[in-house]
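Trainee: Supplied structure: my_file.csv, CSV, C-alpha atoms and all ligand atoms.
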```
chain,number,residue,atom,x,y,z
P,1,MET,CA,0.0,0.0,0.0
P,2,SER,CA,1.7,3.2,-1.1
P,3,ALA,CA,-0.4,5.2,1.3
P,4,SER,CA,1.3,3.7,4.3
P,5,ARG,CA,4.7,4.0,2.8
P,6,HIS,CA,4.2,7.7,2.0
P,7,GLY,CA,2.1,8.4,5.0
P,8,GLY,CA,4.8,10.2,6.9
P,9,ILE,CA,5.3,10.1,10.6
P,10,GLY,CA,1.7,9.2,11.3
P,11,MET,CA,1.8,5.9,9.5
P,12,THR,CA,5.3,5.2,10.5
P,13,SER,CA,4.5,5.7,14.2
P,14,GLN,CA,1.4,3.5,13.9
P,15,ARG,CA,3.5,0.7,12.6
P,16,THR,CA,6.1,1.3,15.3
P,17,ARG,CA,3.3,1.3,17.8
P,18,LEU,CA,2.0,-2.1,16.6
P,19,ARG,CA,5.6,-3.5,17.0
P,20,MET,CA,5.6,-2.1,20.5
P,21,VAL,CA,2.3,-3.9,21.2
P,22,GLU,CA,3.7,-7.2,19.9
P,23,ARG,CA,6.7,-6.7,22.2
P,24,LEU,CA,4.4,-6.0,25.2
P,25,ARG,CA,2.6,-9.3,24.4
P,26,ARG,CA,6.0,-11.1,24.4
P,27,GLN,CA,6.8,-9.4,27.7
P,28,GLY,CA,3.7,-11.0,29.2
P,29,ILE,CA,1.0,-8.3,29.0
P,30,ARG,CA,-2.3,-10.3,28.4
P,31,ASP,CA,-5.1,-7.8,28.7
P,32,GLU,CA,-6.3,-7.1,25.2
P,33,VAL,CA,-8.1,-3.9,26.3
P,34,VAL,CA,-4.8,-2.6,27.6
P,35,LEU,CA,-2.9,-3.7,24.5
P,36,ALA,CA,-5.5,-1.9,22.3
P,37,ALA,CA,-5.1,1.3,24.3
P,38,MET,CA,-1.3,1.1,24.1
P,39,GLY,CA,-1.7,0.7,20.3
P,40,GLU,CA,-3.9,3.7,20.0
P,41,VAL,CA,-2.1,6.4,22.1
P,42,PRO,CA,0.7,8.1,20.1
P,43,ARG,CA,3.4,8.0,22.7
P,44,HIS,CA,5.8,10.2,20.6
P,45,ILE,CA,3.4,13.2,21.1
P,46,PHE,CA,4.1,13.0,24.9
P,47,VAL,CA,7.9,13.1,24.8
P,48,ASP,CA,10.2,15.9,23.9
P,49,GLU,CA,10.6,16.3,20.1
P,50,ALA,CA,14.3,15.4,20.3
P,51,LEU,CA,13.3,12.1,21.9
P,52,ALA,CA,10.3,11.3,19.6
P,53,SER,CA,12.3,8.7,17.6
P,54,ARG,CA,12.9,6.7,20.8
P,55,ALA,CA,9.4,7.0,22.1
P,56,TYR,CA,8.4,3.4,21.4
P,57,GLU,CA,11.5,1.7,22.8
P,58,ASP,CA,11.1,0.0,26.1
P,59,ILE,CA,12.8,2.6,28.1
P,60,ALA,CA,12.0,5.4,30.5
P,61,LEU,CA,12.6,8.8,29.1
P,62,PRO,CA,13.4,12.1,30.7
P,63,LEU,CA,10.5,14.6,30.8
P,64,GLY,CA,12.2,17.6,32.4
P,65,PHE,CA,12.5,18.7,36.1
P,66,GLY,CA,14.3,15.5,36.9
P,67,GLN,CA,11.2,13.4,36.2
P,68,THR,CA,10.8,10.5,33.9
P,69,ILE,CA,8.0,9.0,31.8
P,70,SER,CA,7.7,5.3,32.6
P,71,SER,CA,8.6,2.7,29.9
P,72,PRO,CA,5.8,1.3,27.8
P,73,TYR,CA,6.0,-2.1,29.7
P,74,ILE,CA,5.6,-0.4,33.1
P,75,VAL,CA,2.6,1.7,31.9
P,76,ALA,CA,1.0,-1.4,30.4
P,77,ARG,CA,1.7,-3.5,33.5
P,78,MET,CA,0.3,-1.0,36.0
P,79,THR,CA,-2.8,-0.5,33.8
P,80,GLU,CA,-3.3,-4.2,33.5
P,81,LEU,CA,-3.0,-4.7,37.3
P,82,ALA,CA,-5.4,-1.7,38.0
P,83,ARG,CA,-8.0,-3.0,35.5
P,84,SER,CA,-7.9,-6.6,36.5
P,85,GLY,CA,-10.2,-7.4,33.6
P,86,ARG,CA,-12.9,-5.0,34.8
P,87,ALA,CA,-14.5,-2.0,33.1
P,88,LEU,CA,-13.3,1.1,35.0
P,89,GLY,CA,-15.5,4.1,35.9
P,90,LYS,CA,-13.6,6.7,37.8
P,91,VAL,CA,-9.8,6.4,38.0
P,92,LEU,CA,-7.3,8.5,40.0
P,93,GLU,CA,-3.7,9.0,38.9
P,94,ILE,CA,-1.0,10.6,41.1
P,95,GLY,CA,1.8,12.1,39.1
P,96,THR,CA,0.6,13.2,35.7
P,97,GLY,CA,4.1,13.9,34.3
P,98,CYS,CA,3.7,14.2,30.6
P,99,GLY,CA,0.2,12.8,30.6
P,100,TYR,CA,1.0,9.6,28.7
P,101,GLN,CA,-0.3,7.2,31.4
P,102,THR,CA,-3.3,9.5,31.8
P,103,ALA,CA,-4.0,9.1,28.1
P,104,VAL,CA,-3.8,5.3,28.2
P,105,LEU,CA,-6.1,5.2,31.3
P,106,ALA,CA,-8.5,7.6,29.5
P,107,ARG,CA,-8.9,5.1,26.7
P,108,LEU,CA,-10.3,2.4,29.0
P,109,ALA,CA,-11.9,4.3,31.9
P,110,LYS,CA,-14.9,6.5,31.9
P,111,GLU,CA,-13.2,9.4,33.7
P,112,VAL,CA,-9.6,10.0,34.8
P,113,TYR,CA,-8.6,12.4,37.5
P,114,SER,CA,-4.9,13.1,37.6
P,115,ILE,CA,-2.9,15.2,40.1
P,116,GLU,CA,0.6,16.7,39.5
P,117,ARG,CA,2.6,18.7,41.9
P,118,LEU,CA,4.8,20.5,39.3
P,119,ALA,CA,2.8,23.3,37.6
P,120,PRO,CA,5.0,23.4,34.4
P,121,LEU,CA,4.6,19.7,33.8
P,122,LEU,CA,0.9,19.9,34.3
P,123,ALA,CA,0.6,22.7,31.6
P,124,THR,CA,2.5,20.5,29.1
P,125,ALA,CA,0.4,17.4,30.0
P,126,ARG,CA,-2.7,19.5,29.3
P,127,ARG,CA,-1.4,20.4,25.9
P,128,HIS,CA,-0.5,16.8,25.0
P,129,LEU,CA,-3.9,15.5,26.0
P,130,ARG,CA,-5.6,18.3,23.9
P,131,ASP,CA,-3.3,17.3,21.0
P,132,VAL,CA,-4.5,13.7,21.1
P,133,ARG,CA,-8.2,14.9,21.7
P,134,ILE,CA,-8.7,13.3,25.1
P,135,THR,CA,-11.6,14.9,26.8
P,136,ASN,CA,-12.4,12.6,29.7
P,137,ALA,CA,-9.3,13.4,31.8
P,138,ARG,CA,-9.4,16.1,34.5
P,139,LEU,CA,-6.0,17.4,35.5
P,140,ARG,CA,-5.2,19.1,38.9
P,141,HIS,CA,-2.3,21.0,40.3
P,142,GLY,CA,-1.9,19.7,43.9
P,143,ASP,CA,-0.4,17.2,46.3
P,144,GLY,CA,-1.6,13.8,45.1
P,145,LEU,CA,-1.3,12.3,48.6
P,146,LEU,CA,-4.6,14.0,49.5
P,147,GLY,CA,-6.4,12.5,46.5
P,148,VAL,CA,-9.7,14.0,45.4
P,149,PRO,CA,-12.2,13.3,48.3
P,150,GLU,CA,-15.1,15.1,46.7
P,151,ILE,CA,-14.9,12.8,43.6
P,152,ALA,CA,-14.1,9.5,45.4
P,153,PRO,CA,-14.6,6.6,45.5
P,154,PHE,CA,-12.3,5.4,42.6
P,155,ASP,CA,-12.4,2.1,40.9
P,156,ALA,CA,-8.6,2.3,40.5
P,157,ILE,CA,-5.8,4.5,41.8
P,158,LEU,CA,-2.4,4.6,40.2
P,159,MET,CA,0.7,6.2,41.6
P,160,ALA,CA,3.6,7.1,39.3
P,161,ALA,CA,6.1,7.9,42.1
P,162,ALA,CA,7.5,5.7,44.8
P,163,ALA,CA,6.2,6.0,48.4
P,164,THR,CA,7.6,4.6,51.6
P,165,HIS,CA,4.2,4.0,53.1
P,166,VAL,CA,0.7,3.7,51.6
P,167,PRO,CA,-1.1,7.1,51.8
P,168,ALA,CA,-4.1,6.6,54.1
P,169,ALA,CA,-6.2,9.2,52.4
P,170,LEU,CA,-5.9,7.3,49.1
P,171,LEU,CA,-6.9,3.9,50.7
P,172,GLU,CA,-10.1,5.6,51.9
P,173,GLN,CA,-10.9,6.9,48.4
P,174,LEU,CA,-10.7,3.4,46.9
P,175,ALA,CA,-14.1,1.9,46.0
P,176,ALA,CA,-15.1,-1.6,47.3
P,177,GLY,CA,-13.5,-4.0,44.9
P,178,GLY,CA,-11.2,-1.2,43.7
P,179,ARG,CA,-7.5,-1.6,43.2
P,180,MET,CA,-4.5,0.7,43.9
P,181,VAL,CA,-1.3,0.1,42.1
P,182,LEU,CA,1.9,1.8,43.4
P,183,PRO,CA,5.6,1.5,43.6
P,184,MET,CA,6.6,1.0,47.2
P,185,ALA,CA,10.1,1.9,48.3
P,186,GLY,CA,11.9,-0.5,50.7
P,187,ASN,CA,15.4,-0.3,52.1
P,188,GLN,CA,17.1,-1.7,49.0
P,189,GLU,CA,14.6,-1.9,46.2
P,190,GLN,CA,11.2,-0.8,45.0
P,191,ARG,CA,8.4,-3.2,44.2
P,192,LEU,CA,5.1,-2.7,42.4
P,193,CYS,CA,2.3,-3.2,44.9
P,194,VAL,CA,-1.3,-4.0,44.3
P,195,ILE,CA,-3.8,-3.2,47.1
P,196,GLU,CA,-7.3,-4.5,46.7
P,197,ARG,CA,-10.2,-3.2,48.8
P,198,THR,CA,-12.5,-6.1,49.7
P,199,ALA,CA,-15.5,-6.2,51.9
P,200,GLN,CA,-13.2,-7.5,54.7
P,201,GLY,CA,-10.5,-4.9,54.3
P,202,TYR,CA,-7.4,-4.4,52.3
P,203,VAL,CA,-5.3,-7.2,50.6
P,204,GLU,CA,-1.8,-6.3,49.5
P,205,ARG,CA,0.4,-8.1,47.0
P,206,LYS,CA,3.9,-7.4,46.1
P,207,MET,CA,4.8,-7.7,42.4
P,208,ASP,CA,7.6,-6.8,40.0
P,209,GLN,CA,10.8,-4.9,41.1
P,210,VAL,CA,10.7,-1.4,39.6
P,211,LYS,CA,12.5,2.0,39.7
P,212,PHE,CA,10.4,5.1,40.1
P,213,VAL,CA,11.2,8.7,41.1
P,214,PRO,CA,10.2,9.4,44.7
P,215,LEU,CA,6.9,10.8,45.8
P,216,LEU,CA,7.4,14.3,47.1
P,217,PRO,CA,5.2,16.4,49.4
P,218,GLY,CA,3.7,19.8,48.5
P,219,VAL,CA,3.4,21.6,45.2
P,220,GLU,CA,5.8,23.7,43.1
K,1,LIG,N1,2.9,8.7,34.6
K,1,LIG,C1,3.8,9.8,34.3
K,1,LIG,C2,5.1,9.6,35.0
K,1,LIG,C3,5.6,10.8,35.7
K,1,LIG,S1,7.0,10.6,36.8
K,1,LIG,C4,4.0,9.9,32.8
K,1,LIG,O1,3.5,9.1,32.0
K,1,LIG,O2,4.7,10.8,32.3
K,1,LIG,C5,6.2,10.9,38.3
K,1,LIG,C6,5.5,12.2,38.5
K,1,LIG,O3,4.9,12.3,39.8
K,1,LIG,C7,6.3,13.5,38.4
K,1,LIG,O4,5.8,14.3,37.4
K,1,LIG,C8,6.3,14.1,39.8
K,1,LIG,O5,6.3,15.5,39.7
K,1,LIG,C9,4.9,13.6,40.3
K,1,LIG,N2,4.8,13.6,41.7
K,1,LIG,C10,5.7,13.2,42.7
K,1,LIG,N3,5.1,13.4,43.9
K,1,LIG,C11,3.8,13.8,43.7
K,1,LIG,C12,2.8,14.2,44.6
K,1,LIG,N4,2.9,14.1,46.0
K,1,LIG,N5,1.6,14.6,44.1
K,1,LIG,C13,1.5,14.7,42.7
K,1,LIG,N6,2.4,14.4,41.9
K,1,LIG,C14,3.6,14.0,42.3
```
Any chance you could give the structure as structure tokens?

Mentor:
Amino acid sequence: MSASRHGGIGMTSQRTRLRMVERLRRQGIRDEVVLAAMGEVPRHIFVDEALASRAYEDIALPLGFGQTISSPYIVARMTELARSGRALGKVLEIGTGCGYQTAVLARLAKEVYSIERLAPLLATARRHLRDVRITNARLRHGDGLLGVPEIAPFDAILMAAAATHVPAALLEQLAAGGRMVLPMAGNQEQRLCVIERTAQGYVERKMDQVKFVPLLPGVE
């Protein structure tokens, strides 16, 4: 098809994205809804122009202010764990960054609320989400540790920065049957943690070893 050969960056990146999805499959991501969302969101739009050619590699990339956008595998894995095969209504994200994870969540949840403490990053994320025409994500400048009590409960809460303890306010804002996915920092290493709210209480599972930037208090 000559159209795809001459389609410029749009077509090229769509092919590259499909290769990324195949790689995610090989890496063990099984949720077809997550894989479809990863195939649809143009990751190169969310990274600095100078890094766009590397956007679909399985690496974390710098997004300014000492922060990083997680690798495609980590974004897919956290989304898969948060979804756990269910349709998602309201979802809360802590650490908007460039807005990429927000966009993936917005493809499979009804509504996404995302909180970022760094104002300049939030402004850029807003632009990115507008560029890819996502309208069901609400972005806020604030300390994510407080959550959004007036919108809670959430079917899923994702944290993109590593905490040393599970924020109590966020546990409270989890719906019954809801799941929180977060990197927990131990003495030596960080692990992805899934906390499920059941009728009896909270059940915690430790998963993959990961490397995230630290969760920080307050706003800038
Ligand atoms: N999911 C993001 C990853 C961003 S890195 C992406 O796809 O780009 C983690 C982000 O968490 C950073 O932008 C950092 O500023 C933010 N962050 C750290 N502590 C926070 C807090 N307490 N509240 C809100 N955001 C926080």

Trainee: Kindly give the distance, in Å, that separates CA of Ala162 (chain P) and CA of Leu139 (chain P), rounded to a single decimal.

Mentor: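 Separating CA of Ala162 (chain P) from CA of Leu139 (chain P) is a distance of 20.1 Å.
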
Trainee: Write out as a tab-separated table the residues of region 18-85 of chain P that have any atom within 9 Å of an atom of region 178-201 of chain P, one row each with the nearest atom pair and its distance in Å to one decimal, counting only C-alpha atoms, sorted by chain and then rising number.

Mentor:
```
residue	atom	partner	partner_atom	distance
P:Met78	CA	P:Val181	CA	6.4
P:Thr79	CA	P:Val181	CA	8.5
P:Leu81	CA	P:Val181	CA	7.0
P:Ala82	CA	P:Arg179	CA	5.6
P:Arg83	CA	P:Arg179	CA	7.8
P:Ser84	CA	P:Arg179	CA	8.4
```

Trainee: Using the selection just defined, write its residues with C-alpha atoms as a PDB file, in the coordinates of the input.

Mentor:
```
ATOM      1  CA  MET P  78       0.300  -1.000  36.000  1.00  0.00           C
ATOM      2  CA  THR P  79      -2.800  -0.500  33.800  1.00  0.00           C
ATOM      3  CA  LEU P  81      -3.000  -4.700  37.300  1.00  0.00           C
ATOM      4  CA  ALA P  82      -5.400  -1.700  38.000  1.00  0.00           C
ATOM      5  CA  ARG P  83      -8.000  -3.000  35.500  1.00  0.00           C
ATOM      6  CA  SER P  84      -7.900  -6.600  36.500  1.00  0.00           C
TER       7      SER P  84
END
```

Trainee: Throw together the list of residues within 6 Å of ligand LIG 1 (chain K), counting only C-alpha atoms and all ligand atoms, and drop it here as a ChimeraX atom specification.

Mentor: /P:67-70,94-101,115-118,143-145,160-161,215-217

Trainee: Just give me the gap between CA of Leu158 (chain P) and CA of Leu170 (chain P) in Å, one decimal is fine.

Mentor: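 Distance between the two atoms: 9.9 Å.
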
Trainee: CA of Val166 (chain P) and CA of Ala109 (chain P) are how many Å apart?

Mentor: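 Value for the CA of Val166 (chain P)-CA of Ala109 (chain P) distance: 23.4 Å.
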
Trainee: Could you tell me, as a list in words, which residues have any atom at most 9 Å from (12.5, -0.5, 23.3), counting only C-alpha atoms?

Mentor: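 Checking each residue against the 9 Å limit leaves Met20, Arg23, Arg54, Ala55, Tyr56, Glu57, Asp58, Ile59, Ser71 and Pro72 of chain P.
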
Trainee: Rank P:Ala60, P:Leu146, P:Ile45, P:Val21 by their smallest atom-to-atom distance to Val210 (chain P), using all atoms listed in the file, and report the top residue only.

Mentor: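 Answer, going by the shortest atom-to-atom distance: P:Ala60.
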
Trainee: For a quick check of understanding, using all atoms listed in the file, which of P:Gly64, P:Gly28, P:Gly218, P:Pro42 has the smallest distance to Gly142 (chain P)?

Mentor: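 Closest residue, counting all atoms listed in the file: P:Gly218.
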